[in-house]
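Q: Before anything else, here's the structure in question.
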Amino acid sequence: MKYNRLLSASIAVSLFCASLCPTPYTNTAQAALYASPAPTKGRAYYEERGDIVWEVPTQRKVIALTFDDGPDESKTPAILNLLKQYDAKATFFVVGSRVEKLPDIVKRERREGHEIGNHTFHHPSFQHISRNKALSELDQGQASIVQATGSGTHLFRPPGGSYTDTLVKISKEEGQKMILWSWHQDTLDWRKPGVHRIVNKVLRNARNGDIVLMHDYVYKSTQTVEALKIILPELKKRGFTFVTISELLANRETPEELIEVNR
């Protein structure tokens with residue numbers, strides 16, 4: 001009986017603590033994949049202050065397609081061709097080490113009206129990384145973009161979506177807004193789940209102001225390219241306009257309760 005009382009008390013304490021420290025992710029599957037390394041504050045805190053963007057509240061039928069981990073010598077040009085075909089703009093979060101190898105593709109992205117974002121230089125895990133190393137990754141990533149295109153970016157996406165208070169502060173110090181993605185629009189295309197799963201994820205969940213996560217570099221996979229051949233015409237048929245992250249932010253409608261303290 002004494003053991004049972006102690007066990008019950010332990011469970012009650014655990015549940016109470018969990019209620020005080022909510023996770024910034026909506027389900028356990030995503031939490032396991034993209035859990036921040038012990039953040040001290042949840043999504044609501046960062047979102048209210050404009051420190052991190054997951055999606056943008058708006059009544060307009062706009063949606064932002066984003067592509068991580070590129071550029072890739074074959075898949076990125078194929079994606080650019082499709083975007084041009086459907087008069088769509090997107091944002092490419094590029095990896096600096098790949099930008100150095102394929103600068104002309106990044107130049108083309110910007111020339112054709114797409115936006116470039118910083119996805120670090122080496123694509124490291126931010127689970128266990130020093131402040132100096134994190135700062136170096138942002139600086140080198142930015143430098144590679146400047147070298148390729150002549151100008152930098154004000155957008156940053158950490159690999160895997162991992163963030164800490166320190167990383168948020170570094171991002172702000174560097175003048176780069178942290179951009180994540182809509183929880184319901186993580187296509188998991190890097191897992192090569194199949195073209196139709198990628199398509200269904202986007203089309204079934206498409207909402208105004210969404211930020212969709214895809215990748216233009218996935219080793220030995222063209223599933224994202226094939227999926228876009230279905231996604232782009234269907235969303236256009238539904239009346240959506242494909243915009244860059246900066247354009248999406250310009251369509252932001254501020255709820256009355258939102259706190260503006262991005263400083």
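Residue numbering restarts at 1 for every chain of the structure tokens, chains are lettered A, B, ... in their displayed order, and ligands are numbered from 1 as they appear.
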Taking the backbone alone, and naming residues the way the document does, which bits of segment 63-197 of chain A are strand (DSSP E or B) by DSSP, as a short mmCIF file (atom, residue, chain, number, x, y, z; two decimals) with N, CA, C and O atoms, in the first residue's frame?
A:
```
data_model
loop_
_atom_site.label_atom_id
_atom_site.label_comp_id
_atom_site.auth_asym_id
_atom_site.auth_seq_id
_atom_site.Cartn_x
_atom_site.Cartn_y
_atom_site.Cartn_z
N ILE A 63 0.60 31.12 -49.77
CA ILE A 63 1.30 29.99 -49.15
C ILE A 63 2.77 30.07 -49.54
O ILE A 63 3.10 30.48 -50.66
N ALA A 64 3.65 29.72 -48.62
CA ALA A 64 5.09 29.81 -48.88
C ALA A 64 5.70 28.42 -48.96
O ALA A 64 5.69 27.67 -47.98
N LEU A 65 6.22 28.08 -50.13
CA LEU A 65 6.96 26.84 -50.30
C LEU A 65 8.42 27.10 -49.95
O LEU A 65 9.00 28.07 -50.43
N THR A 66 8.99 26.26 -49.10
CA THR A 66 10.40 26.42 -48.73
C THR A 66 11.15 25.13 -48.99
O THR A 66 10.61 24.03 -48.81
N PHE A 67 12.40 25.27 -49.41
CA PHE A 67 13.23 24.12 -49.76
C PHE A 67 14.55 24.22 -49.01
O PHE A 67 15.25 25.23 -49.09
N ASP A 68 14.90 23.16 -48.30
CA ASP A 68 16.12 23.12 -47.49
C ASP A 68 17.21 22.26 -48.13
O ASP A 68 16.94 21.39 -48.96
N ALA A 90 9.34 31.01 -54.31
CA ALA A 90 9.63 30.15 -53.16
C ALA A 90 10.85 30.69 -52.42
O ALA A 90 11.49 31.65 -52.85
N THR A 91 11.16 30.05 -51.29
CA THR A 91 12.34 30.43 -50.51
C THR A 91 13.24 29.20 -50.35
O THR A 91 12.76 28.13 -49.96
N PHE A 92 14.51 29.38 -50.67
CA PHE A 92 15.48 28.29 -50.59
C PHE A 92 16.44 28.55 -49.43
O PHE A 92 17.18 29.53 -49.43
N PHE A 93 16.39 27.66 -48.43
CA PHE A 93 17.32 27.74 -47.30
C PHE A 93 18.54 26.89 -47.65
O PHE A 93 18.49 25.67 -47.60
N VAL A 94 19.59 27.58 -48.04
CA VAL A 94 20.75 26.91 -48.64
C VAL A 94 21.84 26.60 -47.62
O VAL A 94 22.00 27.30 -46.61
N GLU A 115 13.58 33.74 -52.93
CA GLU A 115 14.30 34.26 -51.77
C GLU A 115 15.31 33.23 -51.27
O GLU A 115 15.06 32.01 -51.35
N ILE A 116 16.43 33.72 -50.77
CA ILE A 116 17.48 32.85 -50.24
C ILE A 116 17.51 32.99 -48.72
O ILE A 116 17.44 34.09 -48.18
N GLY A 117 17.60 31.85 -48.04
CA GLY A 117 17.71 31.84 -46.59
C GLY A 117 18.98 31.11 -46.17
O GLY A 117 19.50 30.26 -46.90
N ASN A 118 19.47 31.42 -44.98
CA ASN A 118 20.68 30.83 -44.43
C ASN A 118 20.33 29.54 -43.69
O ASN A 118 19.55 29.55 -42.73
N LEU A 155 17.05 35.92 -43.39
CA LEU A 155 16.29 34.75 -42.95
C LEU A 155 17.23 33.61 -42.56
O LEU A 155 18.23 33.36 -43.23
N PHE A 156 16.87 32.90 -41.49
CA PHE A 156 17.69 31.79 -41.01
C PHE A 156 16.80 30.64 -40.59
O PHE A 156 15.77 30.84 -39.93
N LYS A 177 16.07 36.63 -39.10
CA LYS A 177 14.86 36.13 -38.45
C LYS A 177 14.78 34.61 -38.61
O LYS A 177 14.97 34.07 -39.69
N MET A 178 14.48 33.92 -37.51
CA MET A 178 14.39 32.47 -37.55
C MET A 178 13.04 32.04 -38.12
O MET A 178 11.99 32.42 -37.61
N ILE A 179 13.09 31.23 -39.17
CA ILE A 179 11.90 30.75 -39.86
C ILE A 179 11.83 29.23 -39.74
O ILE A 179 12.74 28.52 -40.19
N ASP A 186 4.88 19.65 -42.70
CA ASP A 186 6.20 19.02 -42.76
C ASP A 186 6.05 17.77 -43.64
O ASP A 186 5.52 16.75 -43.19
#
```
Q: Name all residues at most 8 Å from segment 129-133 of chain A (count only C-alpha atoms; drop same-chain ones fewer than 3 positions away) and give them as number ranges by chain.
A: A: 125-126, 136-137, 166-167
Q: Write out as a list in words which residues come within 9 Å of Val99 of chain A when counting only C-alpha atoms, dropping same-chain ones fewer than 4 positions away.
A: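 Neighbouring residues, sequence-local ones excluded: Gly70, Pro71, Val94, Val95, Pro103, Asp104, Ile105, Val106, Phe121, Gly141, Ser144, Ile145 and Ala148 of chain A.
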Q: Write down as a PyMOL selection string the residues of segment 106-165 of chain A whose backbone DSSP state falls under helix (DSSP H, G or I).
A: chain A and resi 106-111+131-149+159-161+165
Q: Suppose you want the space between atom CA of Asp72 of chain A and atom CA of His215 of chain A; what is it in Å?
A: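 Interatomic distance here is 9.9 Å.
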Q: Can you measure atom CA of Lys89 of chain A to atom CA of Tyr163 of chain A for me? One decimal in Å is fine.
A: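 Answer for the atom CA of Lys89 of chain A to atom CA of Tyr163 of chain A separation: 26.8 Å.
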